[in-house]
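The data block below is work_0.txt; it holds compact mmCIF, C-alpha atoms.
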```txt
# COMPACT_ATOMS: atom_id res chain seq x y z
CA MET A 559 -76.79 -14.46 86.45
CA THR A 560 -79.92 -13.27 88.24
CA GLU A 561 -80.76 -10.96 85.38
CA GLU A 562 -80.79 -13.82 82.98
CA LEU A 563 -83.00 -15.77 85.32
CA GLN A 564 -85.32 -12.85 85.71
CA LYS A 565 -85.72 -12.60 81.96
CA LYS A 566 -86.47 -16.28 81.74
CA LEU A 567 -88.96 -16.01 84.54
CA GLN A 568 -90.70 -13.08 82.92
CA SER A 569 -91.06 -14.74 79.53
CA GLU A 570 -92.32 -17.86 81.23
CA ILE A 571 -94.94 -15.86 83.07
CA GLU A 572 -96.01 -14.26 79.80
CA GLU A 573 -96.41 -17.64 78.20
CA TYR A 574 -98.35 -18.94 81.16
CA LYS A 575 -100.71 -15.99 80.98
CA GLN A 576 -101.26 -16.64 77.29
CA VAL A 577 -102.15 -20.24 77.96
CA GLN A 578 -104.51 -19.20 80.72
CA LYS A 579 -106.27 -16.80 78.40
CA GLU A 580 -106.75 -19.52 75.86
CA TYR A 581 -108.05 -21.83 78.53
CA GLN A 582 -110.63 -19.31 79.63
CA LYS A 583 -111.71 -18.76 76.07
CA LEU A 584 -112.23 -22.47 75.56
CA CYS A 585 -114.15 -22.77 78.80
CA SER A 586 -116.60 -20.05 77.88
CA ARG A 587 -116.97 -21.65 74.45
CA ARG A 588 -117.80 -24.91 76.19
CA GLN A 589 -120.44 -23.19 78.30
CA GLN A 590 -121.94 -21.54 75.28
CA LEU A 591 -122.18 -24.88 73.53
CA ASP A 592 -123.81 -26.36 76.58
CA SER A 593 -126.57 -23.81 76.60
CA GLN A 594 -127.02 -24.21 72.86
CA LEU A 595 -127.31 -27.93 73.34
CA SER A 596 -129.97 -27.63 76.01
CA GLU A 597 -131.92 -25.08 74.01
CA ASN A 598 -131.90 -27.30 70.95
CA THR A 599 -132.83 -30.33 73.02
CA ILE A 600 -135.85 -28.46 74.29
CA VAL A 601 -136.85 -27.43 70.77
CA ASP A 602 -136.43 -31.02 69.63
CA GLU A 603 -138.73 -32.23 72.40
CA GLU A 604 -141.28 -29.54 71.74
CA LEU A 605 -141.38 -30.33 68.04
CA LYS A 606 -141.93 -33.97 68.88
CA LEU A 607 -144.84 -33.00 71.13
CA MET A 608 -146.43 -30.90 68.40
CA LYS A 609 -149.86 -31.93 67.23
CA THR A 610 -150.13 -32.58 63.52
CA GLY A 611 -151.96 -29.83 61.73
CA ASN A 612 -150.41 -27.09 63.80
CA GLU A 613 -147.98 -24.90 61.93
CA ILE A 614 -144.30 -24.46 62.62
CA TYR A 615 -142.67 -21.14 61.85
CA LYS A 616 -139.09 -20.09 61.78
CA LEU A 617 -137.94 -16.59 62.55
CA VAL A 618 -135.87 -15.27 59.67
CA GLY A 619 -134.90 -11.68 60.23
CA PRO A 620 -138.10 -9.87 61.23
CA ILE A 621 -140.57 -12.31 59.67
CA LEU A 622 -141.93 -15.74 60.50
CA ILE A 623 -141.70 -18.28 57.72
CA LYS A 624 -143.84 -21.36 57.61
CA GLN A 625 -141.80 -24.55 57.86
CA ASP A 626 -142.37 -28.10 56.87
CA PRO A 627 -142.59 -30.00 60.20
CA ILE A 628 -140.44 -32.90 59.00
CA GLU A 629 -137.81 -30.56 57.66
CA ALA A 630 -137.81 -28.55 60.87
CA LYS A 631 -137.34 -31.67 62.97
CA GLU A 632 -134.52 -32.88 60.80
CA ASN A 633 -132.89 -29.48 60.97
CA VAL A 634 -132.90 -29.49 64.74
CA LYS A 635 -131.55 -33.01 64.82
CA LYS A 636 -128.70 -32.06 62.56
CA ARG A 637 -127.93 -29.08 64.72
CA LEU A 638 -127.87 -31.29 67.80
CA GLU A 639 -125.38 -33.60 66.15
CA PHE A 640 -123.24 -30.69 65.14
CA ILE A 641 -123.23 -29.19 68.62
CA ASN A 642 -122.40 -32.54 70.20
CA SER A 643 -119.38 -33.05 67.98
CA ASP A 644 -118.31 -29.47 68.67
CA ILE A 645 -118.53 -30.11 72.39
CA LYS A 646 -116.36 -33.18 72.02
CA ARG A 647 -113.76 -31.20 70.12
CA THR A 648 -113.77 -28.37 72.63
CA GLU A 649 -113.43 -30.78 75.49
CA GLU A 650 -110.40 -32.39 73.91
CA ALA A 651 -108.86 -28.97 73.41
CA ILE A 652 -109.55 -28.10 77.04
CA SER A 653 -107.88 -31.23 78.40
CA SER A 654 -104.83 -30.67 76.23
CA ILE A 655 -104.52 -27.09 77.36
CA GLU A 656 -104.94 -28.16 80.96
CA LYS A 657 -101.89 -30.33 80.53
CA LYS A 658 -100.02 -27.41 79.00
CA GLN A 659 -100.96 -25.26 81.95
CA GLU A 660 -99.63 -27.87 84.33
CA VAL A 661 -96.30 -27.99 82.51
CA HIS A 662 -96.00 -24.22 82.61
CA ARG A 663 -96.85 -24.11 86.29
CA ASN A 664 -94.16 -26.66 87.11
CA LYS A 665 -91.61 -24.78 85.05
CA LEU A 666 -92.51 -21.55 86.76
CA GLU A 667 -92.17 -23.05 90.17
CA ALA A 668 -88.75 -24.46 89.35
CA LEU A 669 -87.62 -21.12 88.00
CA GLN A 670 -88.84 -19.33 91.06
CA VAL A 671 -86.90 -21.64 93.31
CA GLN A 672 -83.81 -21.08 91.19
CA PHE A 673 -84.34 -17.37 91.28
CA GLN A 674 -84.66 -17.30 95.04
CA LYS A 675 -81.52 -19.39 95.43
CA ALA A 676 -79.60 -17.05 93.17
CA GLN A 677 -80.79 -14.07 95.15
CA MET A 678 -79.72 -15.66 98.40
CA MET A 679 -76.29 -16.38 96.93
CA MET A 680 -75.99 -12.78 95.85
CA ALA A 681 -76.98 -11.61 99.28
CA GLN A 682 -74.38 -13.83 100.92
CA LYS A 683 -71.69 -12.66 98.54
CA ALA A 684 -72.56 -9.09 99.33
CA LYS A 685 -71.84 -9.82 102.98
CA MET B 686 -130.53 -20.81 79.75
CA SER B 687 -127.94 -23.18 81.03
CA GLN B 688 -128.41 -26.72 82.00
CA VAL B 689 -126.23 -28.06 84.76
CA SER B 690 -125.71 -31.65 85.68
CA LEU B 691 -124.57 -32.96 89.00
CA THR B 692 -122.06 -35.31 87.42
CA GLU B 693 -120.12 -32.76 85.52
CA GLN B 694 -116.63 -33.03 86.94
CA PRO B 695 -115.11 -36.26 85.70
CA HIS B 696 -111.65 -35.23 86.82
CA MET B 697 -112.75 -34.61 90.37
CA GLN B 698 -111.06 -36.76 92.92
CA GLN B 699 -110.78 -36.90 96.64
CA VAL B 700 -108.07 -34.66 97.93
CA ASP B 701 -107.05 -34.19 101.52
CA LEU B 702 -107.05 -30.43 101.93
CA THR B 703 -104.39 -30.53 104.61
CA GLN B 704 -101.99 -32.14 102.13
CA LEU B 705 -102.03 -29.10 99.85
CA ASN B 706 -99.69 -26.16 100.20
CA LEU B 707 -100.88 -22.59 100.47
CA ALA B 708 -100.40 -21.77 96.79
CA GLN B 709 -102.50 -24.74 95.76
CA LEU B 710 -105.15 -23.85 98.29
CA THR B 711 -105.34 -20.30 97.00
CA GLN B 712 -105.71 -21.59 93.49
CA LEU B 713 -108.47 -23.93 94.55
CA LYS B 714 -110.22 -21.16 96.41
CA GLN B 715 -110.12 -18.95 93.35
CA GLN B 716 -111.65 -21.72 91.33
CA LEU B 717 -114.38 -22.26 93.88
CA ASP B 718 -115.16 -18.56 94.08
CA GLN B 719 -115.47 -18.45 90.34
CA GLU B 720 -117.80 -21.41 90.29
CA LEU B 721 -119.93 -19.95 93.04
CA SER B 722 -120.36 -16.69 91.18
CA VAL B 723 -121.35 -18.61 88.05
CA PHE B 724 -123.99 -20.40 90.10
CA GLN B 725 -125.29 -17.13 91.47
CA ASP B 726 -125.48 -15.76 87.97
CA SER B 727 -127.36 -18.77 86.64
CA LEU B 728 -129.79 -18.63 89.53
CA THR B 729 -130.70 -15.02 88.82
CA ARG B 730 -131.16 -15.75 85.16
CA LEU B 731 -133.23 -18.84 85.81
CA LYS B 732 -135.47 -16.93 88.18
CA ILE B 733 -136.04 -14.27 85.52
CA ALA B 734 -136.93 -16.99 83.01
CA GLN B 735 -139.27 -18.58 85.53
CA GLY B 736 -141.06 -15.29 86.02
CA LYS B 737 -141.44 -14.75 82.30
CA TYR B 738 -142.96 -18.16 81.73
CA GLN B 739 -145.31 -17.61 84.63
CA GLU B 740 -146.39 -14.27 83.21
CA SER B 741 -147.03 -15.76 79.78
CA ASN B 742 -149.00 -18.59 81.31
CA GLU B 743 -151.17 -16.19 83.28
CA SER B 744 -151.85 -13.96 80.31
CA LEU B 745 -153.21 -16.99 78.48
CA ASP B 746 -156.03 -17.10 81.06
CA LYS B 747 -157.48 -14.01 79.40
CA PHE B 748 -157.61 -15.83 76.06
CA THR B 749 -161.13 -17.18 76.43
CA PRO B 750 -163.63 -17.67 73.61
CA GLU B 751 -165.64 -14.76 75.06
CA ALA B 752 -162.71 -12.47 74.34
CA GLU B 753 -163.02 -13.01 70.61
CA GLY B 754 -163.78 -9.85 68.70
CA LYS B 755 -162.80 -7.61 71.59
CA ASP B 756 -160.65 -4.56 71.10
CA ILE B 757 -156.99 -4.80 72.07
CA LEU B 758 -153.96 -2.58 71.93
CA VAL B 759 -151.06 -4.16 70.11
CA PRO B 760 -147.60 -3.01 71.13
CA LEU B 761 -145.58 -2.04 68.07
CA THR B 762 -142.67 -0.90 70.18
CA GLY B 763 -142.17 -0.70 73.89
CA SER B 764 -143.89 2.65 74.01
CA MET B 765 -146.31 2.68 71.07
CA TYR B 766 -149.56 0.79 70.71
CA VAL B 767 -152.05 0.47 67.87
CA PRO B 768 -155.68 -0.61 68.26
CA GLY B 769 -156.62 -4.07 67.04
CA LYS B 770 -159.26 -6.74 67.36
CA LEU B 771 -158.85 -10.29 68.64
CA ILE B 772 -159.99 -12.54 65.82
CA ASN B 773 -158.68 -15.89 66.97
CA THR B 774 -158.65 -16.96 70.58
CA SER B 775 -158.19 -20.68 70.09
CA LYS B 776 -154.57 -20.72 69.00
CA VAL B 777 -151.39 -18.86 69.84
CA VAL B 778 -147.88 -18.98 68.43
CA ILE B 779 -145.11 -19.77 70.87
CA ASP B 780 -141.39 -19.18 70.66
CA VAL B 781 -139.87 -22.54 71.53
CA GLY B 782 -136.29 -21.41 71.09
CA THR B 783 -133.58 -21.26 68.40
CA GLY B 784 -135.87 -19.23 66.15
CA TYR B 785 -138.65 -21.80 65.93
CA TYR B 786 -142.24 -20.81 66.64
CA THR B 787 -145.06 -23.30 66.93
CA GLU B 788 -148.77 -22.84 66.67
CA GLN B 789 -150.59 -24.25 69.67
CA TYR B 790 -154.08 -24.50 71.09
CA ILE B 791 -154.48 -22.59 74.34
CA ALA B 792 -154.58 -25.76 76.44
CA ASP B 793 -151.40 -27.07 74.79
CA ALA B 794 -149.74 -23.71 75.20
CA LYS B 795 -150.51 -23.77 78.90
CA GLU B 796 -149.06 -27.25 79.11
CA TYR B 797 -145.98 -25.95 77.37
CA PHE B 798 -145.51 -23.18 79.91
CA LYS B 799 -146.09 -25.58 82.76
CA ARG B 800 -143.38 -27.87 81.35
CA ARG B 801 -140.97 -24.97 81.03
CA ILE B 802 -141.68 -23.71 84.54
CA ASN B 803 -141.12 -27.19 85.94
CA TYR B 804 -137.91 -27.54 84.01
CA VAL B 805 -136.57 -24.21 85.19
CA THR B 806 -137.59 -24.88 88.77
CA GLU B 807 -135.77 -28.17 88.66
CA GLN B 808 -132.61 -26.50 87.37
CA ILE B 809 -132.86 -23.92 90.15
CA LYS B 810 -133.07 -26.68 92.75
CA LYS B 811 -130.08 -28.48 91.25
CA ILE B 812 -127.95 -25.37 91.21
CA GLN B 813 -128.93 -24.47 94.75
CA ALA B 814 -127.89 -27.92 95.94
CA MET B 815 -124.56 -27.66 94.12
CA GLY B 816 -124.01 -24.16 95.43
CA GLN B 817 -124.48 -25.34 98.98
CA GLU B 818 -122.08 -28.19 98.43
CA LYS B 819 -119.43 -25.84 97.05
CA SER B 820 -119.94 -23.34 99.86
CA LYS B 821 -119.30 -26.09 102.35
CA ILE B 822 -116.10 -27.10 100.59
CA ARG B 823 -115.05 -23.47 100.48
CA GLU B 824 -115.61 -23.06 104.19
CA ALA B 825 -113.59 -26.15 104.99
CA MET B 826 -110.82 -24.84 102.76
CA MET B 827 -110.80 -21.49 104.48
CA ASP B 828 -110.35 -23.27 107.79
CA VAL B 829 -107.41 -25.25 106.48
CA MET B 830 -105.87 -22.12 104.99
CA GLU B 831 -106.21 -20.33 108.30
CA MET B 832 -104.50 -23.22 110.06
CA LYS B 833 -101.68 -23.29 107.54
CA LEU B 834 -101.15 -19.57 107.80
CA GLN B 835 -100.97 -19.67 111.56
CA SER B 836 -98.50 -22.52 111.66
CA ALA B 837 -96.40 -20.78 109.01
CA GLN B 838 -96.35 -17.61 111.09
CA LYS B 839 -95.37 -19.60 114.16
CA GLU B 840 -92.49 -21.16 112.30
CA MET B 841 -91.33 -17.76 111.15
CA ALA B 842 -91.52 -16.45 114.69
CA GLU B 843 -89.53 -19.38 116.04
CA LYS B 844 -86.84 -18.94 113.42
CA ALA B 845 -86.48 -15.27 114.13
```

Just give me the structure of the file as structure tokens.
Amino acid sequence: MTEELQKKLQSEIEEYKQVQKEYQKLCSRRQQLDSQLSENTIVDEELKLMKTGNEIYKLVGPILIKQDPIEAKENVKKRLEFINSDIKRTEEAISSIEKKQEVHRNKLEALQVQFQKAQMMMAQKAK
Amino acid sequence: MSQVSLTEQPHMQQVDLTQLNLAQLTQLKQQLDQELSVFQDSLTRLKIAQGKYQESNESLDKFTPEAEGKDILVPLTGSMYVPGKLINTSKVVIDVGTGYYTEQYIADAKEYFKRRINYVTEQIKKIQAMGQEKSKIREAMMDVMEMKLQSAQKEMAEKA
């Protein structure tokens, strides 16, 4: 009886750990996106502040390539949109995995209580 | 470079610490510790960025019209330099992030660095304020945990 419970408990813990790992991965992804967003926002602002006549270059590998200002601005804007939608998606994933975590935690707690009860019963029987 | 806003936790709600059990408190403490170390990390990185911008800004002071035509040493790698001549002291090219470089007049470049320094300084202030807030919460939590532990021990002692 307790052995069975122990097995259940163990597999539940494994699952919980898995979910936690995923959660952490998503969180760091979210952070990464955040810093990308702020970096691109800054670039967007800087490009807007640029005086006409000054060149814009883009680093491609080891060389700087001259860019059309309008194209560069549009590029950054597109990237901003992309990052924003990615953030939204990641956030949704995070909230769904948070719920999953909660469910696992509750299950674990219930199992632990059961396990302790079973152990106490065994102990009493042994007496 | 990370930007942090003060209104980031939408799922934050008021919780009476004394209502939580020890397991929940430990979990919360872990979370807080993690957050605090992230703050510390960001602060160090922001300070490094601040220093770099400051350095760049200062080195622009040497870019005067009188310096045109002067000999310079251009670093090819961290430890190798080749001689060169300054042929243009009115414009510089600045890395504005994400691989984009813009050509700027010296005055504009200085403005750029000033903007960046201000921005970074602001972020530092924000994070410091949040860090203090979290530290306070953490302290309060430690007190509650201490209380809970003591009362739990008492109970155990009485039962025994």

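Candidate residues B:Glu831, B:Asp718, B:Asp780, B:Glu740 were compared for distance to chain A, and the nearest is B:Asp780, using all atoms listed in the file.
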
Next item on the list: List the neighbours of Leu584 of chain A out to 8 Å using only C-alpha atoms; skip same-chain residues closer than 6 positions along the sequence, and give me the result as a VMD selection string.
Entry: chain A and resid 648 651 to 652

I'd like to know which of B:Gln719, B:Ile802, B:Thr762, B:Lys755 is closest to Gln582 of chain A, using only C-alpha atoms.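 Comparing B:Gln719, B:Ile802, B:Thr762, B:Lys755 against Gln582 of chain A, the winner is B:Gln719.
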
With distances taken over only C-alpha atoms, the candidate from B:Asp828, B:Glu796, B:Lys844, B:Leu834 nearest Lys714 of chain B is B:Asp828

Expressed in Å, the length from atom CA of Gln625 of chain A to atom CA of Tyr785 of chain B is 9.1 Å

**Request:** For chain B, list the residues within 10 Å of chain A, counting all atoms listed in the file, and write the list as number ranges by chain.
**Result:** B: 686-689, 776, 778-790, 793, 797, 800-801, 804

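One distance worth recording is that between atom CA of Ser722 of chain B and atom CA of Asn642 of chain A, which is 26.4 Å.
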
Open item on the list: If we draw a sphere of 12 Å around (-100.8, -22.3, 73.6), which residues have at least one atom in it when counting all atoms listed in the file? Please report them as a ChimeraX atom specification.
Closed with: /A:572-584,651-652,654-659,661-662

| said: Considering only C-alpha atoms, can you say which of B:Leu745, B:Ile822, B:Val767, B:Ala814 comes closest to Leu717 of chain B? | reply: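 For Leu717 of chain B, the nearest of the given residues is B:Ile822.
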
Tell me which residues come within 12 Å of (-159.9, -14.9, 63.7), as a count of residues only, counting only C-alpha atoms in the file's coordinates. 14

Fill in: Between atom CA of Gln817 of chain B and atom CA of Gln735 of chain B - distance in Å to one decimal
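Interatomic distance, atom CA of Gln735 of chain B to atom CA of Gln817 of chain B: 21.1 Å.
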
If you count all atoms listed in the file, the residue of B:Asn742, B:Gln725, B:Gln808, B:Asn706 closest to Lys795 of chain B turns out to be B:Asn742

Across A:Lys683, A:Glu650, A:Leu567, A:Glu561, the smallest distance to Arg663 of chain A, with all atoms listed in the file counted, is shown by A:Leu567

How big is the axis-aligned box around the listed atoms of segment 734-739 of chain B once 8 Å is added on each side, and where is its centre? Give both in Å to one decimal, as lines of an AutoDock Vina configuration file.
```
center_x = -141.1
center_y = -16.7
center_z = 83.9
size_x = 24.4
size_y = 19.8
size_z = 20.3
```

List the neighbours of Glu720 of chain B out to 12 Å using all atoms listed in the file; skip same-chain residues closer than 3 positions along the sequence, and give me the result as a PyMOL selection string. chain B and resi 713-717+723-727+812+815-820+822-823

Dump of C-alpha atoms for the selected residues, as a PDB file, keeping the file's coordinate frame:
```
ATOM      1  CA  LEU B 713    -108.470 -23.930  94.550  1.00  0.00           C
ATOM      2  CA  LYS B 714    -110.220 -21.160  96.410  1.00  0.00           C
ATOM      3  CA  GLN B 715    -110.120 -18.950  93.350  1.00  0.00           C
ATOM      4  CA  GLN B 716    -111.650 -21.720  91.330  1.00  0.00           C
ATOM      5  CA  LEU B 717    -114.380 -22.260  93.880  1.00  0.00           C
ATOM      6  CA  VAL B 723    -121.350 -18.610  88.050  1.00  0.00           C
ATOM      7  CA  PHE B 724    -123.990 -20.400  90.100  1.00  0.00           C
ATOM      8  CA  GLN B 725    -125.290 -17.130  91.470  1.00  0.00           C
ATOM      9  CA  ASP B 726    -125.480 -15.760  87.970  1.00  0.00           C
ATOM     10  CA  SER B 727    -127.360 -18.770  86.640  1.00  0.00           C
ATOM     11  CA  ILE B 812    -127.950 -25.370  91.210  1.00  0.00           C
ATOM     12  CA  MET B 815    -124.560 -27.660  94.120  1.00  0.00           C
ATOM     13  CA  GLY B 816    -124.010 -24.160  95.430  1.00  0.00           C
ATOM     14  CA  GLN B 817    -124.480 -25.340  98.980  1.00  0.00           C
ATOM     15  CA  GLU B 818    -122.080 -28.190  98.430  1.00  0.00           C
ATOM     16  CA  LYS B 819    -119.430 -25.840  97.050  1.00  0.00           C
ATOM     17  CA  SER B 820    -119.940 -23.340  99.860  1.00  0.00           C
ATOM     18  CA  ILE B 822    -116.100 -27.100 100.590  1.00  0.00           C
ATOM     19  CA  ARG B 823    -115.050 -23.470 100.480  1.00  0.00           C
TER      20      ARG B 823
END
```
